[in-house]
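Enquirer: Please find one structure pasted underneath; my questions will follow.
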Amino acid sequence: MIRGWFSRPADTTSPAAESTAGDAPQSYAQWSQCLDALAKEDNDAACLQQLENGQLEWTAGVAPMLGKRISEEVQRRLQRCSDRLARDLRLGAQETLIVRAVLQGRVQLGFVHRLCQLQVLPAATQQHLQSEILKFAERAQKSLEDTAKADRSGQLATLLRNNPLTGYDRTPASSSPLHTAPPTAASLSPATAAAPRRRNILN
């Protein structure tokens, strides 16, 4: 069920990066351009900042189109989160690598969570999109914990419980969704930090 993603580093000379240098969007055309740039994942932080600062009159003609565009971007990123997690967990043989995959997934979900909180969106739309993220995180967490049952030591299950995907809303707002540093002892829960350094867990 679960897989995930990395994207290429931001290229400040690319058209997508240049497009994020302007003012916050004020019209549907400008919002659409910003969302196009966000979908390229060249400069997520700048794109999101633009969108968070943007304004738009929520008229009957604009509302369905913009709501659909943002919802599609949310769903696309959730799928990429799922893809990346599955790939990393298939490859991971160390507890710390598994934690890294989960923490990176949580940062990604935190980014999508912020995208769902854009002030331009009506409260009902925000709540609907946020509920989609929560359901995704809960399903993914359950799948991870089900997978951990194959580890007879119980250490993987403890590790996953102490570093749940559902903690995405506590991810620092300054975290980059695409470039996260490897976990250190300080970034892991006490139970995780004490785990053995290497185990063959996933087939």
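Ligands are numbered from 1 in the order shown, chains are lettered A, B, ... in the order of the structure tokens, and residues start at 1 in each chain.
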Would you give me, as a PyMOL selection string, the residues in stretch 44-138 of chain A that DSSP reads as alpha helix (DSSP H)?

Expert: chain A and resi 44-53+62-91+95-115+123-138

Enquirer: Tell me, counting only C-alpha atoms, for each residue of stretch 94-173 of chain A within 12 Å of stretch 22-36 of chain A, which pair of atoms is nearest and how far apart they are in Å to one decimal, in rows ordered by chain and increasing number, as CSV.

Expert:
```
residue,atom,partner,partner_atom,distance
A:Leu115,CA,A:Leu35,CA,10.7
A:Leu118,CA,A:Trp31,CA,11.9
A:Val120,CA,A:Gln26,CA,10.3
```

Enquirer: Please produce a file of those selected residues containing N, CA, C and O atoms, as a PDB file, in the first residue's frame.

Expert:
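Heads up, here's the output in result_12.pdb:
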```pdb
ATOM      1  N   LEU A 115      -0.636  23.019   2.852  1.00  0.00           N
ATOM      2  CA  LEU A 115      -1.301  23.335   1.590  1.00  0.00           C
ATOM      3  C   LEU A 115      -2.821  23.339   1.767  1.00  0.00           C
ATOM      4  O   LEU A 115      -3.529  24.142   1.154  1.00  0.00           O
ATOM      5  N   LEU A 118      -4.590  26.749   3.291  1.00  0.00           N
ATOM      6  CA  LEU A 118      -4.533  28.043   2.609  1.00  0.00           C
ATOM      7  C   LEU A 118      -5.758  28.877   2.972  1.00  0.00           C
ATOM      8  O   LEU A 118      -6.899  28.405   2.891  1.00  0.00           O
ATOM      9  N   VAL A 120      -7.249  31.131   1.495  1.00  0.00           N
ATOM     10  CA  VAL A 120      -8.190  31.386   0.403  1.00  0.00           C
ATOM     11  C   VAL A 120      -9.291  30.327   0.358  1.00  0.00           C
ATOM     12  O   VAL A 120     -10.373  30.565  -0.173  1.00  0.00           O
TER      13      VAL A 120
END
```

Enquirer: Could you tell me how far atom CA of A:Val112 sits from atom CA of A:Ala37, in Å to one decimal place?

Expert: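 Here the two named atoms are 15.3 Å from each other.
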
Enquirer: Need to verify the contact set: stretch 133-149 of chain A, 7 Å, only C-alpha atoms, exclusion of same-chain residues closer than 2 positions in sequence. Can you return it as a PyMOL selection string?

Expert: chain A and resi 2+129-131+151-152+156-157+160+164-166

Enquirer: Can I get the selection written as a short mmCIF file (atom, residue, chain, number, x, y, z; two decimals), in the first residue's frame, with N, CA, C and O atoms?

Expert:
```cif
data_model
loop_
_atom_site.label_atom_id
_atom_site.label_comp_id
_atom_site.auth_asym_id
_atom_site.auth_seq_id
_atom_site.Cartn_x
_atom_site.Cartn_y
_atom_site.Cartn_z
N ILE A 2 2.06 1.15 0.58
CA ILE A 2 2.80 2.36 0.87
C ILE A 2 4.03 2.48 -0.02
O ILE A 2 4.80 1.58 -0.14
N LEU A 129 -10.10 18.46 3.08
CA LEU A 129 -8.77 18.06 2.63
C LEU A 129 -7.94 17.56 3.80
O LEU A 129 -7.19 16.58 3.67
N GLN A 130 -8.05 18.21 4.94
CA GLN A 130 -7.29 17.77 6.11
C GLN A 130 -7.74 16.39 6.58
O GLN A 130 -6.93 15.58 7.03
N SER A 131 -9.04 16.11 6.43
CA SER A 131 -9.52 14.79 6.81
C SER A 131 -8.97 13.71 5.88
O SER A 131 -8.71 12.58 6.31
N ASP A 151 8.34 -8.93 12.62
CA ASP A 151 9.56 -8.80 13.42
C ASP A 151 9.27 -9.35 14.82
O ASP A 151 8.60 -8.71 15.62
N ARG A 152 9.76 -10.55 15.11
CA ARG A 152 9.42 -11.23 16.37
C ARG A 152 9.96 -10.51 17.60
O ARG A 152 9.48 -10.71 18.70
N LEU A 156 10.61 -3.28 15.96
CA LEU A 156 10.13 -2.45 14.86
C LEU A 156 8.77 -1.85 15.20
O LEU A 156 8.52 -0.68 14.92
N ALA A 157 7.90 -2.65 15.82
CA ALA A 157 6.58 -2.13 16.21
C ALA A 157 6.72 -0.98 17.20
O ALA A 157 6.03 0.04 17.09
N LEU A 160 7.91 2.16 15.34
CA LEU A 160 6.86 2.79 14.55
C LEU A 160 5.85 3.49 15.44
O LEU A 160 5.35 4.57 15.09
N PRO A 164 5.19 7.94 14.79
CA PRO A 164 4.05 7.69 13.91
C PRO A 164 3.92 8.71 12.79
O PRO A 164 4.27 9.88 12.95
N LEU A 165 3.42 8.24 11.66
CA LEU A 165 3.13 9.14 10.55
C LEU A 165 2.08 10.17 10.93
O LEU A 165 2.05 11.27 10.38
N THR A 166 1.21 9.81 11.86
CA THR A 166 0.14 10.71 12.24
C THR A 166 0.63 11.94 13.00
O THR A 166 -0.16 12.83 13.30
#
```

Enquirer: From the options A:Ala124, A:Leu109, A:Leu48, A:Ala60, which residue's atoms come nearest to A:Asp169, counting only C-alpha atoms?

Expert: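 Of the candidates, the smallest distance to A:Asp169 is held by A:Leu109.
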
Enquirer: Which value, in Å to one decimal, gives the distance between atom CA of A:Leu78 and atom CA of A:Gly105?

Expert: 9.5 Å

Enquirer: A:Leu56, A:Leu159, A:Ala63, A:Ile70: which is nearest A:Thr96, counting only C-alpha atoms?

Expert: A:Leu159

Enquirer: Mind pulling up the distance from atom CA of A:Cys47 to atom CA of A:Gln126?

Expert: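 Between atom CA of A:Gln126 and atom CA of A:Cys47 the gap works out to 18.5 Å.
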
Enquirer: Using only C-alpha atoms, find the one residue out of A:Val74, A:Ala39, A:Leu121, A:Ala101 that sits nearest to A:Gly54.

Expert: A:Leu121

Enquirer: Would you mind telling me which residue in A:Arg114, A:Arg106, A:Lys40, A:Arg170 lies nearest to A:Arg76 when using only C-alpha atoms?

Expert: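 Using only C-alpha atoms, A:Arg76 sits closest to A:Lys40.
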